[in-house]
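Chemist: There's a structure below that I have some questions on.
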Amino acid sequence: MRILVTGGAGYIGSHTSVELLNENYDVVVLDNLSNSCEEALNRVKNITGKSLEFYKADILNKQDIHDIFSRHKIDAVIHFAGLKAVGESVGIPLKYFHNNITGTLNLLEVMDDFNVKNIVFSSSATVYGDPASLPIKEDFPLSATNPYGRTKLMIEEILQDLYVSDNRWNIALLRYFNPVGAHESGQIGEDPEGIPNNLVPYISKVAVGLLDKVNVFGNDYDTSDGTGVRDYIHVKDLAIGHIKTLPKLFTKPGVVIYNLGTGQGYSVLEMIKGFEKTSGKEISYKIADRRPGDIAACFADPLKAKKELNWQAVKTLDDMCKDTWRWQKNNPDGYQK
Ligand code: NAD
Ligand code: UFG
């Protein structure tokens, strides 16, 4: 079985490529390296002792995609490629709509041309907006609060319409909660450009001394300690969620939707404490204003994925902190792209 991994040089894509190779899938990666570098793929090969095909290519260029499908018989696509910074998407929405939506349309058109109708799509818990209750189940109402989230919601809808038009398509919409952590080898991990937007990369840069202190965005939420609560999921668990989805896709299920989360929420202060414990470093922080657009709490009901995919997250908060810290310590400048 040969899997095309769009965005495969990125954070989640590189970890998923490792697990695909470990399971003896053939892997073809398409990535324009706009938010990643080829070194991540060298390390994927290093970790697995296996090779993969890499194309520096853009999903905005239909010919690029066409050439890859001409060269390789693809059985399914895992589609990670996209822009993902929520704040940036508010300032440059057209770039987000163009890259994420036009890029996905190009990909789907080429897949259709080559009669490859199996796709796993990276969606996000952001499609639930501010949920009315917790934990979040897959049939909760959907909404978008920013252009990035809207691209996820629109692509989900596009894929559902596509299935209605042609029920030979098999489509898995995977809604990730908050991916964190790194491969246990310390060789691959998250490598954000500049100052991180997300909590865990920010904490690890404070721990390693590259940033001064964590700004805790609000301590007056209706949560156990007043700080925001999220469902942090280890990236390796998330990657394995994709591996478990592929056999399901090959049973021709039509459209399936799964939350990929742990079901457990942790507050910002709990994450800081957890990281202090595993790193042995003191993490300075200060309480700052709420970040516009943030919600108080968000965590998954992951039971559907457990029942239908036989998948559940197994890594602990300690694993998440330990693996993030190993990656950060070994690679203070990331991949030095
Ligand atoms: P990432 O930025 O590390 O990976 C995305 C990859 O896509 C990058 O390597 C980038 O170079 C590539 N890419 C972007 N536009 C492209 C284009 N036009 N053509 C070819 N390649 C392109 O991000 P990630 O954290 O690995 O996220 C992967 C997917 O999961 C994204 O679709 C993201 O929206 C989604 N997601 C991420 C999170 C998260 O918190 N990390 C949460 C929910 C969903
Ligand atoms: N936070 C801080 N300080 C920081 C960064 C974050 O206090 O410097 C807080 C936030 O207020 C929030 C929590 O830490 O309470 C987590 O924030 P992140 O930015 O790490 O993650 P979000 O939950 O805001 O969003 C992430 C991704 C989105 C995705 C969403 C759901 O960035 O793309 O998870 O999957 F949609």
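Residues in the structure tokens are numbered from 1 in each chain, the chains being A, B, ... in the order shown, and ligands are numbered from 1 in the order shown.
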Excluding stretch 59-66 of chain A and residues on its chain fewer than 2 positions from it, collect all residues at most 10 Å away from it, counting only C-alpha atoms, and give them as a PyMOL selection string.

Modeler: chain A and resi 6-7+30-32+55-57+68-71+81-82+98-111+113-114

Chemist: At a cut-off of 9 Å, using only C-alpha atoms, what residues contact stretch 281-284 of chain A? Leave out same-chain residues fewer than 2 positions from it and give the result as a list in words.

Modeler: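 Selected residues are Ile203, Ser204, Val206, Ala207, Val208, Asp212, Lys213, Val214, Asn215, Ile272, Lys273, Phe275, Glu276, Lys277, Thr278, Ser279 and Lys286 of chain A.
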
Chemist: Out of A:Ser36, A:Ser124, A:Asn146, A:Thr16, which residue has the shortest atom-to-atom distance to ligand 2 when counting only C-alpha atoms and all ligand atoms?

Modeler: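 When distances to ligand 2 are compared using only C-alpha atoms and all ligand atoms, the smallest one comes from A:Ser124.
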
Chemist: Work out how far atom CA of A:Gly149 is from atom CA of A:Gly91, in Å to one decimal.

Modeler: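 Taking atom CA of A:Gly91 and atom CA of A:Gly149, their separation equals 13.6 Å.
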
Chemist: Extract, using only C-alpha atoms, all DNA, RNA and protein residues at most 9 Å from A:Gly334, discarding same-chain residues fewer than 5 positions from it, and format them as a PyMOL selection string.

Modeler: chain A and resi 188-192+327-328

Chemist: Take the residues that were just selected and, keeping all heavy atoms, output them as a PDB file, in the first residue's frame.

Modeler:
```pdb
ATOM      1  N   ILE A 188      12.846  14.195  15.996  1.00  0.00           N
ATOM      2  CA  ILE A 188      11.859  15.040  15.309  1.00  0.00           C
ATOM      3  C   ILE A 188      10.887  15.609  16.339  1.00  0.00           C
ATOM      4  O   ILE A 188      10.635  14.992  17.376  1.00  0.00           O
ATOM      5  CB  ILE A 188      11.085  14.288  14.186  1.00  0.00           C
ATOM      6  CG1 ILE A 188      10.397  13.024  14.716  1.00  0.00           C
ATOM      7  CG2 ILE A 188      11.994  13.962  13.019  1.00  0.00           C
ATOM      8  CD1 ILE A 188       9.460  12.361  13.697  1.00  0.00           C
ATOM      9  N   GLY A 189      10.392  16.804  16.032  1.00  0.00           N
ATOM     10  CA  GLY A 189       9.475  17.468  16.956  1.00  0.00           C
ATOM     11  C   GLY A 189       8.914  18.717  16.308  1.00  0.00           C
ATOM     12  O   GLY A 189       9.095  18.938  15.105  1.00  0.00           O
ATOM     13  N   GLU A 190       8.251  19.525  17.113  1.00  0.00           N
ATOM     14  CA  GLU A 190       7.633  20.745  16.568  1.00  0.00           C
ATOM     15  C   GLU A 190       8.681  21.844  16.498  1.00  0.00           C
ATOM     16  O   GLU A 190       9.412  22.073  17.463  1.00  0.00           O
ATOM     17  CB  GLU A 190       6.467  21.158  17.482  1.00  0.00           C
ATOM     18  CG  GLU A 190       5.617  22.256  16.881  1.00  0.00           C
ATOM     19  CD  GLU A 190       4.309  22.488  17.641  1.00  0.00           C
ATOM     20  OE1 GLU A 190       4.137  21.918  18.740  1.00  0.00           O
ATOM     21  OE2 GLU A 190       3.479  23.245  17.113  1.00  0.00           O
ATOM     22  N   ASP A 191       8.729  22.545  15.380  1.00  0.00           N
ATOM     23  CA  ASP A 191       9.786  23.534  15.149  1.00  0.00           C
ATOM     24  C   ASP A 191       9.167  24.830  14.641  1.00  0.00           C
ATOM     25  O   ASP A 191       9.319  25.187  13.477  1.00  0.00           O
ATOM     26  CB  ASP A 191      10.776  22.944  14.116  1.00  0.00           C
ATOM     27  CG  ASP A 191      11.967  23.851  13.878  1.00  0.00           C
ATOM     28  OD1 ASP A 191      12.208  24.765  14.694  1.00  0.00           O
ATOM     29  OD2 ASP A 191      12.651  23.642  12.855  1.00  0.00           O
ATOM     30  N   PRO A 192       8.456  25.552  15.533  1.00  0.00           N
ATOM     31  CA  PRO A 192       7.768  26.758  15.059  1.00  0.00           C
ATOM     32  C   PRO A 192       8.748  27.874  14.714  1.00  0.00           C
ATOM     33  O   PRO A 192       9.802  28.004  15.342  1.00  0.00           O
ATOM     34  CB  PRO A 192       6.888  27.165  16.245  1.00  0.00           C
ATOM     35  CG  PRO A 192       7.504  26.530  17.442  1.00  0.00           C
ATOM     36  CD  PRO A 192       8.251  25.316  16.969  1.00  0.00           C
ATOM     37  N   TRP A 327      13.393  16.743  22.887  1.00  0.00           N
ATOM     38  CA  TRP A 327      13.501  17.355  21.554  1.00  0.00           C
ATOM     39  C   TRP A 327      14.076  18.775  21.676  1.00  0.00           C
ATOM     40  O   TRP A 327      15.005  19.151  20.956  1.00  0.00           O
ATOM     41  CB  TRP A 327      12.119  17.372  20.885  1.00  0.00           C
ATOM     42  CG  TRP A 327      11.941  18.425  19.840  1.00  0.00           C
ATOM     43  CD1 TRP A 327      11.174  19.557  19.941  1.00  0.00           C
ATOM     44  CD2 TRP A 327      12.523  18.459  18.521  1.00  0.00           C
ATOM     45  NE1 TRP A 327      11.250  20.292  18.782  1.00  0.00           N
ATOM     46  CE2 TRP A 327      12.073  19.640  17.904  1.00  0.00           C
ATOM     47  CE3 TRP A 327      13.384  17.616  17.819  1.00  0.00           C
ATOM     48  CZ2 TRP A 327      12.446  20.004  16.611  1.00  0.00           C
ATOM     49  CZ3 TRP A 327      13.775  17.991  16.525  1.00  0.00           C
ATOM     50  CH2 TRP A 327      13.301  19.160  15.934  1.00  0.00           C
ATOM     51  N   GLN A 328      13.553  19.568  22.611  1.00  0.00           N
ATOM     52  CA  GLN A 328      13.982  20.957  22.772  1.00  0.00           C
ATOM     53  C   GLN A 328      15.445  21.039  23.195  1.00  0.00           C
ATOM     54  O   GLN A 328      16.205  21.855  22.672  1.00  0.00           O
ATOM     55  CB  GLN A 328      13.069  21.642  23.805  1.00  0.00           C
ATOM     56  CG  GLN A 328      13.412  23.084  24.094  1.00  0.00           C
ATOM     57  CD  GLN A 328      13.197  23.983  22.890  1.00  0.00           C
ATOM     58  OE1 GLN A 328      12.078  24.142  22.417  1.00  0.00           O
ATOM     59  NE2 GLN A 328      14.268  24.555  22.363  1.00  0.00           N
TER      60      GLN A 328
END
```

Chemist: Taking only C-alpha atoms and all ligand atoms into account, report as a list in words which residues have an atom no farther than 6 Å from an atom of ligand 2.

Modeler: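 If we count only C-alpha atoms and all ligand atoms, the neighbours of ligand 2 turn out to be Lys84, Val86, Ser124, Ala125, Thr126, Tyr176, Phe177, Asn178, Asn197, Asn198, Leu199, Tyr202, Val214, Asn215, Val216, Phe217, Gly228, Val229, Val268, Arg291 and Asp294 of chain A.
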
Chemist: What are the closest atom pairs, with distances in Å to one decimal, for each residue of stretch 61-166 of chain A lying within 6 Å of stretch 300-324 of chain A, using only C-alpha atoms, rows by chain and rising residue number, as CSV?

Modeler:
```
residue,atom,partner,partner_atom,distance
A:Pro135,CA,A:Asp301,CA,5.1
A:Ile136,CA,A:Ala300,CA,4.7
A:Lys137,CA,A:Asp301,CA,5.3
```

Chemist: Once DSSP has gone over the backbone, tell me which residues of stretch 82-216 of chain A are in strand (DSSP E or B), as an MDAnalysis selection string.

Modeler: chainID A and resid 118:124 128 136 143 170:176 178:180 214:216

Chemist: Hey, which of A:Leu246, A:Ala239, A:Ile195, A:Leu52 ends up closest to A:Ala76? Count only C-alpha atoms.

Modeler: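 Among the listed residues, the smallest separation from A:Ala76 belongs to A:Leu246.
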
Chemist: Nearest to ligand 1 among A:Ala85, A:Ala297, A:Val28, A:Val255, with distances taken over only C-alpha atoms and all ligand atoms: which residue is it?

Modeler: A:Ala85

Chemist: Among stretch 153-256 of chain A, which residues does DSSP mark as alpha helix (DSSP H) when it is run on the backbone? Keep the chain and numbering as in the structure and answer as number ranges by chain.

Modeler: A: 153-165, 199-207, 235-249

Chemist: Restricting the calculation to only C-alpha atoms: of A:Glu270, A:Glu53, A:Asp67, A:Asp237, which residue gets closest to A:Ala182?

Modeler: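 Nearest candidate to A:Ala182 out of A:Glu270, A:Glu53, A:Asp67, A:Asp237: A:Asp237.
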
Chemist: Pick out the residues sitting within 9 Å of A:Gly254, and hand them over as a list in words; count only C-alpha atoms, and ignore anything fewer than 2 positions along from it in its own chain.

Modeler: Tyr163, Asn167, Arg168, Trp169, Asn170, Ile171, Ala172, Leu249, Thr251, Lys252 and Val256 of chain A

Chemist: Leaving out A:Val18 and any residue of its chain fewer than 4 positions from it, which residues lie within 9 Å of it when counting only C-alpha atoms, given as a list in words?

Modeler: Gly13, Ser14, Asn22, Glu23, Val44, Lys45, Ile47, Thr48 and Ala239 of chain A
